[in-house]
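Next up, protein_34.csv (CSV, C-alpha atoms):
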```csv
chain,number,residue,atom,x,y,z
A,1,MET,CA,-8.2,-39.6,50.6
A,2,ARG,CA,-9.4,-39.8,54.1
A,3,ILE,CA,-6.1,-41.4,55.2
A,4,LEU,CA,-4.2,-38.5,53.5
A,5,ALA,CA,-6.3,-36.0,55.3
A,6,VAL,CA,-5.7,-37.6,58.6
A,7,VAL,CA,-1.9,-37.7,58.0
A,8,ALA,CA,-2.0,-34.1,56.9
A,9,ARG,CA,-3.7,-33.1,60.1
A,10,ILE,CA,-1.2,-35.0,62.2
A,11,VAL,CA,1.7,-33.3,60.4
A,12,VAL,CA,0.2,-29.9,60.9
A,13,MET,CA,-0.3,-30.7,64.7
A,14,LEU,CA,3.3,-31.8,65.0
A,15,LEU,CA,4.6,-28.7,63.2
A,16,LYS,CA,2.5,-26.5,65.5
A,17,ALA,CA,3.8,-28.4,68.6
A,18,ILE,CA,7.4,-28.1,67.5
A,19,THR,CA,7.0,-24.5,66.6
A,20,PHE,CA,5.4,-23.7,69.9
A,21,GLU,CA,8.2,-25.5,71.8
A,22,TRP,CA,10.8,-23.5,69.8
A,23,ILE,CA,9.1,-20.2,70.6
A,24,ALA,CA,8.7,-21.2,74.3
A,25,ALA,CA,12.4,-22.2,74.5
A,26,ILE,CA,13.5,-18.9,72.9
A,27,VAL,CA,11.3,-17.0,75.3
A,28,GLU,CA,12.8,-18.9,78.2
A,29,MET,CA,16.4,-18.2,77.0
A,30,VAL,CA,15.7,-14.5,76.7
A,31,ARG,CA,14.1,-14.4,80.1
A,32,ARG,CA,17.2,-16.1,81.7
A,33,PHE,CA,19.5,-13.8,79.8
A,34,ILE,CA,17.7,-10.8,81.2
A,35,ASP,CA,17.7,-12.2,84.7
A,36,ARG,CA,21.5,-12.7,84.5
A,37,ILE,CA,22.1,-9.2,83.2
A,38,ARG,CA,19.9,-7.8,86.0
A,39,ALA,CA,21.7,-9.8,88.6
A,40,TRP,CA,25.1,-8.6,87.3
A,41,PHE,CA,24.1,-5.0,87.5
A,42,GLU,CA,22.8,-5.4,91.1
A,43,ARG,CA,26.0,-7.2,92.1
A,44,SER,CA,28.2,-4.5,90.5
A,45,ARG,CA,26.5,-1.9,92.8
A,46,LEU,CA,27.5,-3.8,95.9
A,47,PRO,CA,30.8,-3.0,97.9
A,48,HIS,CA,33.7,-5.0,96.5
A,49,PRO,CA,33.9,-7.5,99.5
A,50,ASP,CA,30.2,-8.4,99.1
A,51,ARG,CA,30.1,-8.9,95.3
A,52,ASN,CA,31.0,-12.6,95.5
A,53,SER,CA,28.8,-13.4,98.5
A,54,GLY,CA,25.5,-15.3,98.1
A,55,ALA,CA,23.8,-18.6,98.6
A,56,GLU,CA,24.9,-19.9,95.2
A,57,CYS,CA,28.7,-19.3,96.0
A,58,LEU,CA,30.9,-22.0,97.5
A,59,THR,CA,33.6,-21.2,100.1
A,60,VAL,CA,37.0,-22.5,98.8
A,61,ASP,CA,39.4,-23.4,101.6
A,62,HIS,CA,42.5,-24.9,100.0
A,63,PRO,CA,46.2,-24.1,100.5
A,64,ALA,CA,46.5,-23.2,96.8
A,65,VAL,CA,44.4,-20.1,97.3
A,66,ARG,CA,46.2,-18.8,100.4
A,67,ARG,CA,48.2,-15.9,99.2
A,68,PRO,CA,51.4,-14.5,100.9
A,69,ASP,CA,52.3,-10.8,101.3
A,70,PRO,CA,56.0,-10.4,101.5
A,71,CYS,CA,56.9,-6.8,102.4
A,72,ILE,CA,59.6,-4.5,103.7
A,73,TYR,CA,59.5,-0.9,105.1
A,74,SER,CA,58.5,0.7,101.8
A,75,GLN,CA,58.4,4.5,101.7
A,76,ALA,CA,56.5,4.7,98.4
A,77,TYR,CA,53.7,2.4,99.7
A,78,LEU,CA,53.4,4.0,103.1
A,79,THR,CA,53.2,7.4,101.4
A,80,GLN,CA,50.3,6.1,99.3
A,81,LEU,CA,48.5,5.2,102.5
A,82,GLY,CA,48.9,8.7,103.8
A,83,LEU,CA,51.6,7.9,106.4
A,84,PRO,CA,54.7,9.9,107.1
A,85,VAL,CA,58.0,8.1,106.4
A,86,THR,CA,61.6,8.1,107.3
A,87,TRP,CA,64.4,7.3,104.8
A,88,ASP,CA,66.5,5.8,107.6
A,89,ASN,CA,65.0,2.4,106.7
A,90,PRO,CA,64.6,0.2,109.8
A,91,ASP,CA,64.7,-2.9,107.6
A,92,ILE,CA,68.0,-2.2,105.8
A,93,ILE,CA,71.3,-2.0,107.7
A,94,LEU,CA,75.0,-2.1,106.8
A,95,LEU,CA,77.5,-4.4,108.6
A,96,ARG,CA,81.3,-4.6,108.6
A,97,ASN,CA,82.8,-7.8,110.1
A,98,GLY,CA,79.3,-8.6,111.4
A,99,ILE,CA,78.9,-5.4,113.3
A,100,PRO,CA,76.3,-2.8,112.3
A,101,VAL,CA,77.9,0.5,111.1
A,102,PRO,CA,76.4,3.8,110.0
A,103,GLU,CA,75.4,4.0,106.3
A,104,PHE,CA,76.9,7.5,105.9
A,105,GLY,CA,80.7,8.1,105.6
A,106,LEU,CA,81.4,4.8,103.9
A,107,GLN,CA,85.1,4.0,103.2
A,108,PRO,CA,86.0,3.6,99.5
A,109,GLY,CA,86.8,0.1,98.1
A,110,THR,CA,85.8,-1.5,101.4
A,111,LEU,CA,83.9,-4.8,102.0
A,112,TYR,CA,80.5,-4.4,103.8
A,113,GLU,CA,77.5,-6.5,104.1
A,114,ILE,CA,73.9,-5.3,103.5
A,115,GLN,CA,71.2,-7.0,105.5
A,116,ALA,CA,67.5,-6.7,104.7
A,117,THR,CA,64.7,-7.8,106.9
A,118,ILE,CA,61.7,-9.3,105.0
A,119,TRP,CA,58.2,-9.6,106.6
A,120,ASN,CA,55.1,-11.5,105.6
A,121,ASN,CA,51.6,-10.1,106.3
A,122,SER,CA,49.9,-13.5,105.7
A,123,PHE,CA,49.1,-15.7,108.7
A,124,THR,CA,48.7,-18.8,106.4
A,125,ALA,CA,50.9,-18.6,103.4
A,126,PRO,CA,54.7,-18.8,103.6
A,127,VAL,CA,57.2,-17.3,101.1
A,128,ILE,CA,59.5,-19.9,99.6
A,129,GLY,CA,62.6,-19.2,97.6
A,130,MET,CA,62.0,-15.6,96.9
A,131,PRO,CA,64.8,-13.6,95.2
A,132,VAL,CA,65.8,-10.3,96.8
A,133,GLU,CA,67.6,-7.8,94.6
A,134,PHE,CA,70.1,-5.3,96.1
A,135,SER,CA,71.3,-2.2,94.4
A,136,PHE,CA,72.8,1.2,95.3
A,137,LEU,CA,72.1,4.7,94.0
A,138,THR,CA,73.8,8.1,94.2
A,139,PHE,CA,72.5,9.8,97.3
A,140,GLY,CA,69.3,11.7,96.3
A,141,VAL,CA,65.9,11.3,94.8
A,142,ALA,CA,65.1,9.0,91.8
A,143,THR,CA,68.8,8.7,90.9
A,144,THR,CA,70.2,5.9,88.7
A,145,SER,CA,70.4,2.4,90.3
A,146,THR,CA,73.5,0.2,90.1
A,147,PRO,CA,72.9,-3.6,90.8
A,148,ILE,CA,74.8,-5.3,93.6
A,149,GLY,CA,73.4,-8.8,93.4
A,150,THR,CA,70.5,-11.2,94.3
A,151,THR,CA,69.9,-13.4,97.3
A,152,MET,CA,67.2,-16.0,98.1
A,153,VAL,CA,65.0,-16.0,101.2
A,154,ASN,CA,62.3,-18.0,102.8
A,155,VAL,CA,59.8,-16.2,105.0
A,156,GLY,CA,57.4,-18.0,107.3
A,157,ALA,CA,53.8,-17.0,107.8
A,158,LYS,CA,53.2,-14.3,110.4
A,159,GLY,CA,53.7,-15.6,113.9
A,160,THR,CA,55.9,-18.5,113.0
A,161,VAL,CA,59.5,-19.1,114.0
A,162,ASN,CA,60.7,-18.1,110.5
A,163,HIS,CA,59.1,-14.7,110.6
A,164,PRO,CA,60.6,-12.2,109.9
A,165,ALA,CA,63.5,-13.4,107.9
A,166,THR,CA,66.8,-11.7,107.1
A,167,THR,CA,69.1,-12.0,104.1
A,168,ARG,CA,72.6,-10.6,103.6
A,169,ILE,CA,74.8,-9.8,100.6
A,170,PRO,CA,78.5,-8.7,100.4
A,171,TRP,CA,79.2,-5.3,98.8
A,172,VAL,CA,82.4,-3.6,98.1
A,173,THR,CA,81.9,0.2,97.9
A,174,PRO,CA,83.1,2.1,94.8
A,175,ALA,CA,86.6,3.3,94.8
A,176,THR,CA,85.5,6.9,94.7
A,177,GLY,CA,83.8,6.5,98.1
A,178,GLY,CA,81.1,8.9,99.2
A,179,HIS,CA,77.5,8.4,100.3
A,180,PHE,CA,75.0,6.0,98.6
A,181,CYS,CA,71.4,5.0,98.9
A,182,ILE,CA,70.9,1.3,99.5
A,183,GLN,CA,67.8,-0.4,97.9
A,184,ALA,CA,66.2,-3.8,98.4
A,185,SER,CA,63.4,-5.1,96.2
A,186,PHE,CA,61.7,-8.3,95.4
A,187,ALA,CA,58.7,-9.8,93.5
A,188,TYR,CA,56.8,-13.0,94.3
A,189,ALA,CA,54.1,-14.9,92.5
A,190,ASP,CA,50.5,-14.2,93.6
A,191,ASP,CA,51.6,-11.5,96.1
A,192,VAL,CA,48.7,-9.8,97.8
A,193,ILE,CA,50.2,-6.3,97.8
A,194,PRO,CA,53.2,-6.0,95.4
A,195,GLU,CA,53.4,-2.3,96.0
A,196,ASN,CA,55.2,-2.8,99.4
A,197,ASN,CA,58.2,-4.7,97.9
A,198,VAL,CA,60.8,-1.9,97.6
A,199,GLY,CA,62.6,-0.4,100.5
A,200,GLN,CA,65.3,2.3,100.4
A,201,ASN,CA,67.8,3.7,102.9
A,202,ASN,CA,68.8,7.3,102.2
A,203,VAL,CA,70.5,8.9,105.2
A,204,ASP,CA,73.2,11.6,105.6
A,205,VAL,CA,74.6,13.1,108.7
A,206,ALA,CA,76.4,16.4,109.1
A,207,LEU,CA,77.6,18.5,112.1
A,208,ALA,CA,75.3,21.3,112.8
A,209,GLN,CA,77.9,24.1,113.0
A,210,SER,CA,75.7,27.0,112.0
A,211,PRO,CA,74.5,25.6,109.7
A,212,ALA,CA,74.9,21.9,108.8
A,213,HIS,CA,75.5,21.7,105.0
A,214,PHE,CA,74.0,18.8,103.0
A,215,THR,CA,73.7,18.1,99.3
A,216,PHE,CA,71.8,15.5,97.4
A,217,GLN,CA,70.9,14.7,93.8
A,218,LEU,CA,67.4,15.2,92.3
A,219,ARG,CA,66.7,13.5,89.1
A,220,ASN,CA,63.6,13.5,86.9
A,221,ALA,CA,63.1,9.8,86.1
A,222,ARG,CA,59.7,10.5,84.4
A,223,GLU,CA,58.8,10.9,80.8
A,224,ARG,CA,57.8,14.6,80.8
A,225,THR,CA,59.0,17.9,82.4
A,226,HIS,CA,58.0,18.4,86.0
A,227,ARG,CA,58.2,21.1,88.6
A,228,TYR,CA,59.4,19.8,92.0
A,229,THR,CA,58.4,20.9,95.4
A,230,PHE,CA,59.7,19.7,98.8
A,231,ILE,CA,58.0,18.9,102.1
A,232,VAL,CA,60.1,18.7,105.2
A,233,ASP,CA,59.2,16.9,108.5
A,234,THR,CA,60.9,15.3,111.5
A,235,TYR,CA,59.0,12.0,111.6
A,236,THR,CA,60.7,9.0,113.2
A,237,PRO,CA,59.0,5.6,113.5
A,238,LEU,CA,57.0,5.2,116.7
A,239,GLU,CA,57.7,2.3,119.1
A,240,LEU,CA,55.6,-0.7,118.4
A,241,PRO,CA,52.9,-1.5,120.9
A,242,GLU,CA,53.4,-4.4,123.3
A,243,CYS,CA,51.5,-7.5,122.3
A,244,ASP,CA,49.3,-7.4,125.5
A,245,THR,CA,48.1,-3.9,124.5
A,246,VAL,CA,46.8,-5.0,121.1
A,247,GLU,CA,43.1,-5.6,120.9
A,248,PRO,CA,42.3,-9.3,120.4
A,249,GLY,CA,40.4,-10.6,117.4
A,250,PRO,CA,40.8,-10.0,113.7
A,251,LEU,CA,40.4,-6.5,112.3
A,252,LEU,CA,39.5,-5.5,108.7
A,253,ARG,CA,42.5,-4.1,106.8
A,254,SER,CA,40.8,-0.8,106.4
A,255,ALA,CA,40.2,-0.5,110.2
A,256,ARG,CA,43.9,-1.3,110.8
A,257,ILE,CA,45.0,1.4,108.4
A,258,ASP,CA,42.6,3.9,109.9
A,259,ARG,CA,44.0,3.1,113.4
A,260,THR,CA,47.6,3.4,112.2
A,261,LEU,CA,46.9,6.7,110.4
A,262,ALA,CA,45.4,8.1,113.6
A,263,ARG,CA,48.3,7.0,115.7
A,264,HIS,CA,51.0,8.4,113.5
A,265,ALA,CA,49.1,11.6,112.6
A,266,ALA,CA,49.0,12.4,116.3
A,267,ALA,CA,52.8,12.7,116.4
A,268,ASN,CA,54.3,16.2,116.1
A,269,ILE,CA,56.4,15.9,113.0
A,270,ALA,CA,56.6,19.6,112.0
A,271,VAL,CA,60.0,21.3,112.0
A,272,PRO,CA,60.4,22.4,115.7
A,273,PRO,CA,60.5,26.1,116.6
A,274,GLY,CA,64.0,27.6,116.4
A,275,TRP,CA,65.2,25.3,113.6
A,276,THR,CA,65.5,26.6,110.0
A,277,ILE,CA,66.1,24.5,106.9
A,278,VAL,CA,66.8,26.2,103.5
A,279,LEU,CA,66.7,24.2,100.3
A,280,SER,CA,68.3,25.6,97.1
A,281,PRO,CA,66.9,25.7,94.5
A,282,THR,CA,63.5,25.6,96.1
A,283,ASN,CA,61.2,24.7,93.2
A,284,PRO,CA,63.3,23.4,90.3
A,285,THR,CA,61.8,22.4,87.0
A,286,LEU,CA,63.5,19.4,85.4
A,287,ASP,CA,63.3,17.9,81.9
A,288,PRO,CA,63.1,14.1,81.5
A,289,GLY,CA,66.4,12.5,82.6
A,290,GLU,CA,67.8,15.8,83.9
A,291,GLU,CA,69.6,15.7,87.3
A,292,ILE,CA,70.7,18.6,89.5
A,293,THR,CA,72.2,19.0,93.0
A,294,ILE,CA,70.0,20.3,95.8
A,295,GLN,CA,71.7,22.0,98.7
A,296,ALA,CA,70.1,21.9,102.2
A,297,ASP,CA,71.4,24.2,105.0
A,298,VAL,CA,70.1,23.3,108.5
A,299,THR,CA,70.6,25.7,111.4
A,300,PRO,CA,69.8,24.5,115.0
A,301,PRO,CA,68.6,26.7,117.8
A,302,ALA,CA,71.2,28.0,120.3
A,303,GLY,CA,72.3,25.5,122.8
A,304,PHE,CA,71.0,22.4,120.9
A,305,THR,CA,72.9,19.1,121.4
A,306,GLY,CA,72.2,15.7,119.9
A,307,ASP,CA,70.7,14.5,116.6
A,308,MET,CA,67.7,15.9,114.8
A,309,PRO,CA,66.4,14.1,111.7
A,310,PHE,CA,64.8,16.0,108.8
A,311,ASN,CA,62.9,14.0,106.1
A,312,VAL,CA,62.9,15.8,102.8
A,313,ASN,CA,60.3,14.4,100.5
A,314,ALA,CA,60.1,15.5,96.9
A,315,TYR,CA,57.0,15.8,94.7
A,316,ALA,CA,56.8,16.1,90.9
A,317,ASP,CA,53.8,18.3,90.2
A,318,GLY,CA,52.2,16.9,93.3
A,319,THR,CA,53.1,13.2,92.7
A,320,PHE,CA,55.5,11.6,95.3
A,321,ALA,CA,58.9,11.2,93.8
A,322,GLY,CA,61.1,10.1,96.7
A,323,GLY,CA,63.1,11.6,99.5
A,324,VAL,CA,66.1,11.6,101.8
A,325,THR,CA,66.7,11.9,105.6
A,326,LEU,CA,69.2,14.4,106.8
A,327,VAL,CA,70.5,14.3,110.4
A,328,ALA,CA,71.8,17.4,111.9
A,329,ARG,CA,74.2,16.5,114.8
A,330,ALA,CA,75.4,19.0,117.4
A,331,THR,CA,77.8,18.1,120.2
```
Could you render the structure as structure tokens?
Amino acid sequence: MRILAVVARIVVMLLKAITFEWIAAIVEMVRRFIDRIRAWFERSRLPHPDRNSGAECLTVDHPAVRRPDPCIYSQAYLTQLGLPVTWDNPDIILLRNGIPVPEFGLQPGTLYEIQATIWNNSFTAPVIGMPVEFSFLTFGVATTSTPIGTTMVNVGAKGTVNHPATTRIPWVTPATGGHFCIQASFAYADDVIPENNVGQNNVDVALAQSPAHFTFQLRNARERTHRYTFIVDTYTPLELPECDTVEPGPLLRSARIDRTLARHAAANIAVPPGWTIVLSPTNPTLDPGEEITIQADVTPPAGFTGDMPFNVNAYADGTFAGGVTLVARAT
């Protein structure tokens, strides 16, 4: 009987020890879970660049994580940044027999070449074998696109001999002739900023003979009815600063954007005194898929000679929809 009693006491002690360890382990698991939740909430309140910093994080420096940023002069993206734009795209030109030609007044059924300049905002990651799609649209805003074809391009990292890169594609204009918008677009795996991958060239020129008459198409490519408004300015891209005037050292992307906004906002892009531009209809309302013709009459001041560009940007209930550049020419 004494032996049984001793065995019973040992069993009870073992059970107590096991039970205590279980409870202690559960308490420790709950404590760690609460600590993780608290740390997650504290990290979520930090600015985005600081969320992944800390002593427990490792710095990964491997070519596989260096991301490229192929880009083109993209009106939609620049507008998102609050910058004025021109639709006379500096990265898209037309050539005939290798010689640049104006993109307005194209001859019907004629062979041209479209050339696009592609950039890369990455200093470390090149762009290899990227397809570039070309298309043309009826002159206007959000009109229907017709494919031309696709090319391939390699773009080196910024500062290398292969940056920027150009690519060309032959294009025979439609037999009806007229004026068209040229578009170049691309997509690339692991692109840092895919929003800057579409550029469009929408330019028309007319003689300013009291007044200059323009027409362009406005189409509602959205899923609901919208009321459209127009904002007109005379912005043209500023000259790039010389390399020796650029401040040395890396800048945060936000600081570069702020500096660029300040530089371009300082330019006088309002319609100059003495000029008048009348759009008709002024504030059309379009159903989904509906397309109308907008007429623009531009009258210069007396004695003006030369070219004056007007950027007409359309907004669908306040949301940017697209635009065109109209050039009034007086000789």
* Record the distance separating atom CA of A:Val127 and atom CA of A:Trp171, expressed in Å with one decimal. =>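 Result for atom CA of A:Val127 versus atom CA of A:Trp171: 25.2 Å, one decimal.
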* If you measure from atom CA of A:Ile72 to atom CA of A:Arg256, what distance in Å do you get, rounded to one decimal? ->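 About the pair atom CA of A:Ile72 and atom CA of A:Arg256: they are 17.5 Å apart.
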* To do: Provide the atom CA of A:His163 to atom CA of A:Val132 distance in Å, to one decimal place.
  =>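 Interatomic distance, atom CA of A:His163 to atom CA of A:Val132: 16.0 Å.
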* To do: Pick out the closest residue to A:Asn196 from this set: A:Leu81, A:Leu106, A:Val30, A:Ile37. Count only C-alpha atoms.
  =>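 Distance minimum relative to A:Asn196 lands on A:Leu81.
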Sorted per-residue table, stretch 219-322 of chain A near stretch 133-145 of chain A, closest atoms and distance, 9 Å, all atoms listed in the file, as JSON lines:
```
{"residue": "A:Arg219", "atom": "CA", "partner": "A:Ala142", "partner_atom": "CA", "distance": 5.5}
{"residue": "A:Asn220", "atom": "CA", "partner": "A:Ala142", "partner_atom": "CA", "distance": 6.8}
{"residue": "A:Ala221", "atom": "CA", "partner": "A:Ala142", "partner_atom": "CA", "distance": 6.1}
{"residue": "A:Glu291", "atom": "CA", "partner": "A:Thr143", "partner_atom": "CA", "distance": 7.9}
{"residue": "A:Thr293", "atom": "CA", "partner": "A:Gly140", "partner_atom": "CA", "distance": 8.5}
{"residue": "A:Ile294", "atom": "CA", "partner": "A:Gly140", "partner_atom": "CA", "distance": 8.6}
{"residue": "A:Asn313", "atom": "CA", "partner": "A:Val141", "partner_atom": "CA", "distance": 8.6}
{"residue": "A:Ala314", "atom": "CA", "partner": "A:Val141", "partner_atom": "CA", "distance": 7.5}
{"residue": "A:Ala321", "atom": "CA", "partner": "A:Ala142", "partner_atom": "CA", "distance": 6.9}
{"residue": "A:Gly322", "atom": "CA", "partner": "A:Val141", "partner_atom": "CA", "distance": 5.3}
```
* Of the candidates A:Asp317, A:Asp297, A:Glu42, A:Glu103, which shows the shortest atom-to-atom distance to A:Cys181, using only C-alpha atoms? ->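 Smallest distance to A:Cys181 is found for A:Glu103.
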* Nearest to A:Pro273: which of A:Gln80, A:Thr176, A:Thr167, A:Thr299 is it, counting only C-alpha atoms? ->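 So, comparing all the options, the nearest one is A:Thr299.
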Within 8 Å of stretch 152-159 of chain A, which residues of stretch 97-124 of chain A come that close, and what is the closest atom pair and distance in Å for each? Count all atoms listed in the file and give it as JSON lines.
```
{"residue": "A:Ile118", "atom": "CA", "partner": "A:Val155", "partner_atom": "CA", "distance": 7.2}
{"residue": "A:Trp119", "atom": "CA", "partner": "A:Val155", "partner_atom": "CA", "distance": 7.0}
{"residue": "A:Asn120", "atom": "CA", "partner": "A:Lys158", "partner_atom": "CA", "distance": 5.9}
{"residue": "A:Asn121", "atom": "CA", "partner": "A:Lys158", "partner_atom": "CA", "distance": 6.1}
{"residue": "A:Ser122", "atom": "CA", "partner": "A:Ala157", "partner_atom": "CA", "distance": 5.6}
{"residue": "A:Phe123", "atom": "CA", "partner": "A:Lys158", "partner_atom": "CA", "distance": 4.7}
{"residue": "A:Thr124", "atom": "CA", "partner": "A:Ala157", "partner_atom": "CA", "distance": 5.6}
```
* Asked: Between A:Ala330, A:Ile277, A:Ile169, A:Ile99, which has the minimum distance to A:Phe214 (counting all atoms listed in the file)?
  ->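 Of A:Ala330, A:Ile277, A:Ile169, A:Ile99, the one nearest A:Phe214 is A:Ile277, counting all atoms listed in the file.
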* **Among the residues A:Thr319, A:Thr236, A:Ala296, A:Val327, the one that comes closest to A:Thr79 [using only C-alpha atoms]** => A:Thr319
* To do: Compare A:Trp275, A:Thr215, A:Cys71, A:Arg224 by their minimum atom-to-atom distance to A:Phe186, counting all atoms listed in the file, and give me the closest one.
  =>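 Closest to A:Phe186 of all the choices is A:Cys71.
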* Near A:Ala175, counting all atoms listed in the file, which residues have an atom at most 12 Å away, once you skip same-chain residues fewer than 2 positions from it, shown as a PyMOL selection string? -> chain A and resi 106-111+172-173+177-179
For stretch 128-226 of chain A against stretch 73-76 of chain A, with a cut-off of 8 Å and counting all atoms listed in the file, what is the closest atom pair and its distance in Å to one decimal for every residue that makes the cut, ordered by chain and number, as a tab-separated table?
```
residue	atom	partner	partner_atom	distance
A:Asn196	CA	A:Ser74	CA	5.4
A:Asn197	CA	A:Ser74	CA	6.7
A:Val198	CA	A:Ser74	CA	5.4
A:Gly199	CA	A:Ser74	CA	4.4
A:Gln200	CA	A:Ser74	CA	7.1
```
